[in-house]
Amino acid sequence: MKQELENIRAEASKRIAEAQNRPELEALRVRYLGKKGDITAILKQMGKLSAEERPAMGQLANEVRSSIETLIAESGKKIKQLETQMRLEKETIDVTIPGTPHPVGHKHPLSIVLDEVKDIFFGMGFDIASGPEVEWDYYNFEALNIPKDHPARDTQDTFYITENMLLRTQTSPVQIRVMENQAPPIRIIAPGRVYRSDAVDATHSPIFHQIEGLVVDKGITMGNLKGCLETFAKALYGEDTRIRLRPHHFPFTEPSCEIDVSCFNCGGKGCPMCKGEGWIEILGGGMVHPKVLKNGGIDPEVYSGFAFGLGLERLVMFRFNIDDMRLLYENDTRFLNQF
Ligand code: DAH
């Protein structure tokens with residue numbers, strides 16, 4: 001039995017010295033010191049010994065047990081140190097490794113130009129107005145002097161919610177809503193989304209954006225319209241920009257005009273951008289029709305006004321030389337990152 005105990009001690013100390021990690025060490029503890037372990041097995045045989053042999057053997061067994069306990073404790077400490085060291089080595093931060101880039105977003109080209117336009121009109125004392133995109137036929141057409149049988153409706157087919165409710169085809173209905181709610185002087189722009197039943201191609205989209213303008217006060221003339229839009233064009237395209245008013249027809253203005261700016265690419269000489277014309281059409285406008293003023297609750301004998309409308313997409317496409325409108329809606333970052 002004594003020999004057995006010595007064998008256990010020798011074997012245990014060798015194995016404990018070899019243990020690499022905590023599970024291995026724990027297995028050894030169970031094997032030698034556990035309830036079903038080697039030492040316990042020996043102690044169970046004590047009964048077979050004579051009364052004289054028992055105390056010496058008991059003492060030896062206890063000695064072997066405590067020496068194994070010490071060895072396990074020491075090895076446990078070493079393993080722990082080793083683990084800590086390994087973990088530290090693994091967790092070392094290499095501060096020279098380049099960081100992970102976090103891309104920062106930016107404004108969409110439509111927003112870039114819209115914000116510029118807003119700033120220019122803010123500078124001239126305009127406020128922002130808005131109206132619903134789901135609009136009554138009355139505001140979108142009727143009140144703007146476009147009755148049910150008017151041919152202007154043909155070019156502005158849209159999506160009808162009911163016979164009298166539709167997706168607005170223009171931002172002009174905001175004119176009526178503003179006049180209904182505000183007494184002159186009125187000076188607003190109304191940017192927003194508009195809808196038409198158009199097939200998608202490089203220059204058409206069923207959803208696009210317009211910016212409406214409306215000024216109503218005593219004594220407003222066509223001269224005010226020209227001055228205002230010339231100031232706008234110069235601010236947007238540079239001091240050398242000139243504008244030109246061409247007679248046109250809109251049901252809600254009288255007289256009406258289309259407004260061209262001298263080509264910002266060639267300065268008016270003629271180039272591919274202006275198709276050799278030297279001029280680029282960017283706005284429609286005119287003096288608010290007396291019927292429209294009346295529909296807005298304003299007396300045309302006392303007040304007059306001018307209005308204008310422009311297409312934001314057109315402005316953006318010219319500005320950034322974009323030849324296909326669809327690019328503005330596809331959210332392709334290869335395109336958007338260029339702005
Ligand atoms: N609403 C017109 C359109 O969609 C644009 C327009 C033209 C607006 C002349 C105006 C204006 O306010 O005076 O084609």
# chains A, B, ... in the order shown; residues from 1 in each chain; ligands from 1

call {"tool": "closest_atom_pairs", "arguments": {"of": "chain A", "to": "ligand 1", "cutoff": "7 Å", "atoms": "only C-alpha atoms and all ligand atoms", "output": "JSON lines"}}
result
{"residue": "A:Thr169", "atom": "CA", "partner": "ligand 1", "partner_atom_place_in_ligand_line": "4 (O)", "distance": 6.7}
{"residue": "A:Gln170", "atom": "CA", "partner": "ligand 1", "partner_atom_place_in_ligand_line": "4 (O)", "distance": 4.6}
{"residue": "A:Thr171", "atom": "CA", "partner": "ligand 1", "partner_atom_place_in_ligand_line": "1 (N)", "distance": 6.2}
{"residue": "A:Ser172", "atom": "CA", "partner": "ligand 1", "partner_atom_place_in_ligand_line": "1 (N)", "distance": 5.2}
{"residue": "A:Glu212", "atom": "CA", "partner": "ligand 1", "partner_atom_place_in_ligand_line": "12 (O)", "distance": 5.6}
{"residue": "A:Gly213", "atom": "CA", "partner": "ligand 1", "partner_atom_place_in_ligand_line": "12 (O)", "distance": 6.1}
{"residue": "A:Leu214", "atom": "CA", "partner": "ligand 1", "partner_atom_place_in_ligand_line": "12 (O)", "distance": 7.0}
{"residue": "A:Phe250", "atom": "CA", "partner": "ligand 1", "partner_atom_place_in_ligand_line": "9 (C)", "distance": 6.0}
{"residue": "A:Phe252", "atom": "CA", "partner": "ligand 1", "partner_atom_place_in_ligand_line": "13 (O)", "distance": 6.7}
{"residue": "A:Thr253", "atom": "CA", "partner": "ligand 1", "partner_atom_place_in_ligand_line": "13 (O)", "distance": 5.6}
{"residue": "A:Ser256", "atom": "CA", "partner": "ligand 1", "partner_atom_place_in_ligand_line": "13 (O)", "distance": 6.9}
{"residue": "A:Gly284", "atom": "CA", "partner": "ligand 1", "partner_atom_place_in_ligand_line": "7 (C)", "distance": 3.9}
{"residue": "A:Gly285", "atom": "CA", "partner": "ligand 1", "partner_atom_place_in_ligand_line": "13 (O)", "distance": 3.3}
{"residue": "A:Gly286", "atom": "CA", "partner": "ligand 1", "partner_atom_place_in_ligand_line": "13 (O)", "distance": 4.8}
{"residue": "A:Val288", "atom": "CA", "partner": "ligand 1", "partner_atom_place_in_ligand_line": "13 (O)", "distance": 6.9}
{"residue": "A:Phe306", "atom": "CA", "partner": "ligand 1", "partner_atom_place_in_ligand_line": "13 (O)", "distance": 6.9}
{"residue": "A:Ala307", "atom": "CA", "partner": "ligand 1", "partner_atom_place_in_ligand_line": "13 (O)", "distance": 4.1}
{"residue": "A:Phe308", "atom": "CA", "partner": "ligand 1", "partner_atom_place_in_ligand_line": "12 (O)", "distance": 3.6}
{"residue": "A:Gly309", "atom": "CA", "partner": "ligand 1", "partner_atom_place_in_ligand_line": "8 (C)", "distance": 3.5}
{"residue": "A:Leu310", "atom": "CA", "partner": "ligand 1", "partner_atom_place_in_ligand_line": "5 (C)", "distance": 6.2}

call {"tool": "residues_around", "arguments": {"residues": "Cys228 of chain A", "least_positions_apart": "3", "cutoff": "12 Å", "atoms": "only C-alpha atoms", "output": "VMD selection string"}}
result
chain A and resid 120 to 121 123 to 126 187 213 to 215 220 to 225 231 to 235 243 259 285 306 to 308

call {"tool": "closest_residue", "arguments": {"among": "A:Asn265, A:Asn164, A:Ser304, A:Thr155", "to": "Asp137 of chain A", "atoms": "only C-alpha atoms"}}
result
A:Asn164

call {"tool": "select_by_dssp", "arguments": {"residues": "segment 56-225 of chain A", "states": "alpha helix (DSSP H)", "output": "count of residues only"}}
result
68

call {"tool": "residues_around", "arguments": {"residues": "segment 29-35 of chain A", "least_positions_apart": "6", "cutoff": "10 Å", "atoms": "only C-alpha atoms", "output": "list of chain:residue names"}}
result
A:Ile8, A:Arg9, A:Glu11, A:Ala12, A:Ile16, A:Pro23, A:Ala41, A:Arg65, A:Ser66, A:Ile68, A:Glu69, A:Ile72, A:Ala73

call {"tool": "residues_around", "arguments": {"residues": "Arg193 of chain A", "least_positions_apart": "6", "cutoff": "8 Å", "atoms": "only C-alpha atoms", "output": "VMD selection string"}}
result
chain A and resid 133 171 207 to 210

call {"tool": "atom_distance", "arguments": {"atom1": "atom CA of Ala190 of chain A", "atom2": "atom CA of Thr333 of chain A"}}
result
28.7 Å

call {"tool": "select_by_dssp", "arguments": {"residues": "segment 74-239 of chain A", "states": "strand (DSSP E or B)", "output": "JSON, numbers by chain"}}
result
{"A": [127, 128, 134, 135, 136, 160, 161, 162, 165, 166, 167, 186, 187, 188, 189, 190, 191, 192, 193, 194, 195, 201, 204, 207, 208, 209, 210, 211, 212, 213, 214, 215, 216, 217]}

call {"tool": "write_last_selection", "arguments": {"atoms": "C-alpha atoms", "output": "tab-separated table (two decimals), in the first residue's frame"}}
result
chain	number	residue	atom	x	y	z
A	127	ASP	CA	-41.33	82.57	-47.59
A	128	ILE	CA	-41.82	78.87	-48.22
A	134	VAL	CA	-53.17	64.59	-53.14
A	135	GLU	CA	-55.18	67.54	-54.33
A	136	TRP	CA	-58.73	68.45	-55.28
A	160	TYR	CA	-57.07	60.12	-60.07
A	161	ILE	CA	-58.05	59.02	-56.58
A	162	THR	CA	-61.71	59.89	-57.24
A	165	MET	CA	-59.36	64.11	-56.22
A	166	LEU	CA	-56.01	63.55	-57.90
A	167	LEU	CA	-52.25	63.63	-57.56
A	186	ILE	CA	-47.76	87.72	-50.58
A	187	ARG	CA	-44.27	86.59	-51.51
A	188	ILE	CA	-43.83	82.82	-51.50
A	189	ILE	CA	-42.15	79.98	-53.27
A	190	ALA	CA	-43.67	76.51	-53.08
A	191	PRO	CA	-41.31	73.66	-53.92
A	192	GLY	CA	-42.75	70.17	-54.10
A	193	ARG	CA	-43.41	66.88	-55.79
A	194	VAL	CA	-45.82	66.70	-58.72
A	195	TYR	CA	-47.25	63.81	-60.72
A	201	ASP	CA	-37.55	58.11	-70.30
A	204	HIS	CA	-39.72	62.29	-68.27
A	207	ILE	CA	-42.98	61.99	-60.36
A	208	PHE	CA	-40.88	65.12	-60.51
A	209	HIS	CA	-40.41	68.43	-58.73
A	210	GLN	CA	-41.50	71.98	-59.38
A	211	ILE	CA	-40.92	75.26	-57.64
A	212	GLU	CA	-43.82	77.67	-57.76
A	213	GLY	CA	-43.49	81.37	-57.09
A	214	LEU	CA	-46.19	83.91	-56.26
A	215	VAL	CA	-46.06	87.61	-55.52
A	216	VAL	CA	-49.24	89.61	-54.88
A	217	ASP	CA	-49.35	93.23	-53.79

call {"tool": "residues_around", "arguments": {"residues": "Cys263 of chain A", "least_positions_apart": "2", "cutoff": "9 Å", "atoms": "only C-alpha atoms", "output": "NGL selection string"}}
result
:A and (241-242 or 260-261 or 265-271 or 273-274 or 277-280)

call {"tool": "closest_residue", "arguments": {"among": "A:Gly219, A:Ile298, A:Val113, A:His289", "to": "Val316 of chain A", "atoms": "only C-alpha atoms"}}
result
A:Val113

call {"tool": "atom_distance", "arguments": {"atom1": "atom CA of Lys218 of chain A", "atom2": "atom CA of Leu293 of chain A"}}
result
12.5 Å

call {"tool": "closest_residue", "arguments": {"among": "A:Ser130, A:Asn145, A:Gln3, A:Thr203", "to": "Val178 of chain A", "atoms": "only C-alpha atoms"}}
result
A:Ser130

call {"tool": "closest_residue", "arguments": {"among": "A:Lys275, A:Lys294, A:Arg168, A:His150", "to": "Glu180 of chain A", "atoms": "only C-alpha atoms"}}
result
A:Lys294

call {"tool": "closest_residue", "arguments": {"among": "A:Tyr138, A:Glu116, A:Lys36, A:Arg22", "to": "Glu83 of chain A", "atoms": "only C-alpha atoms"}}
result
A:Arg22

call {"tool": "closest_residue", "arguments": {"among": "A:Asp119, A:Ser205, A:His106, A:Lys148", "to": "Leu336 of chain A", "atoms": "only C-alpha atoms"}}
result
A:His106
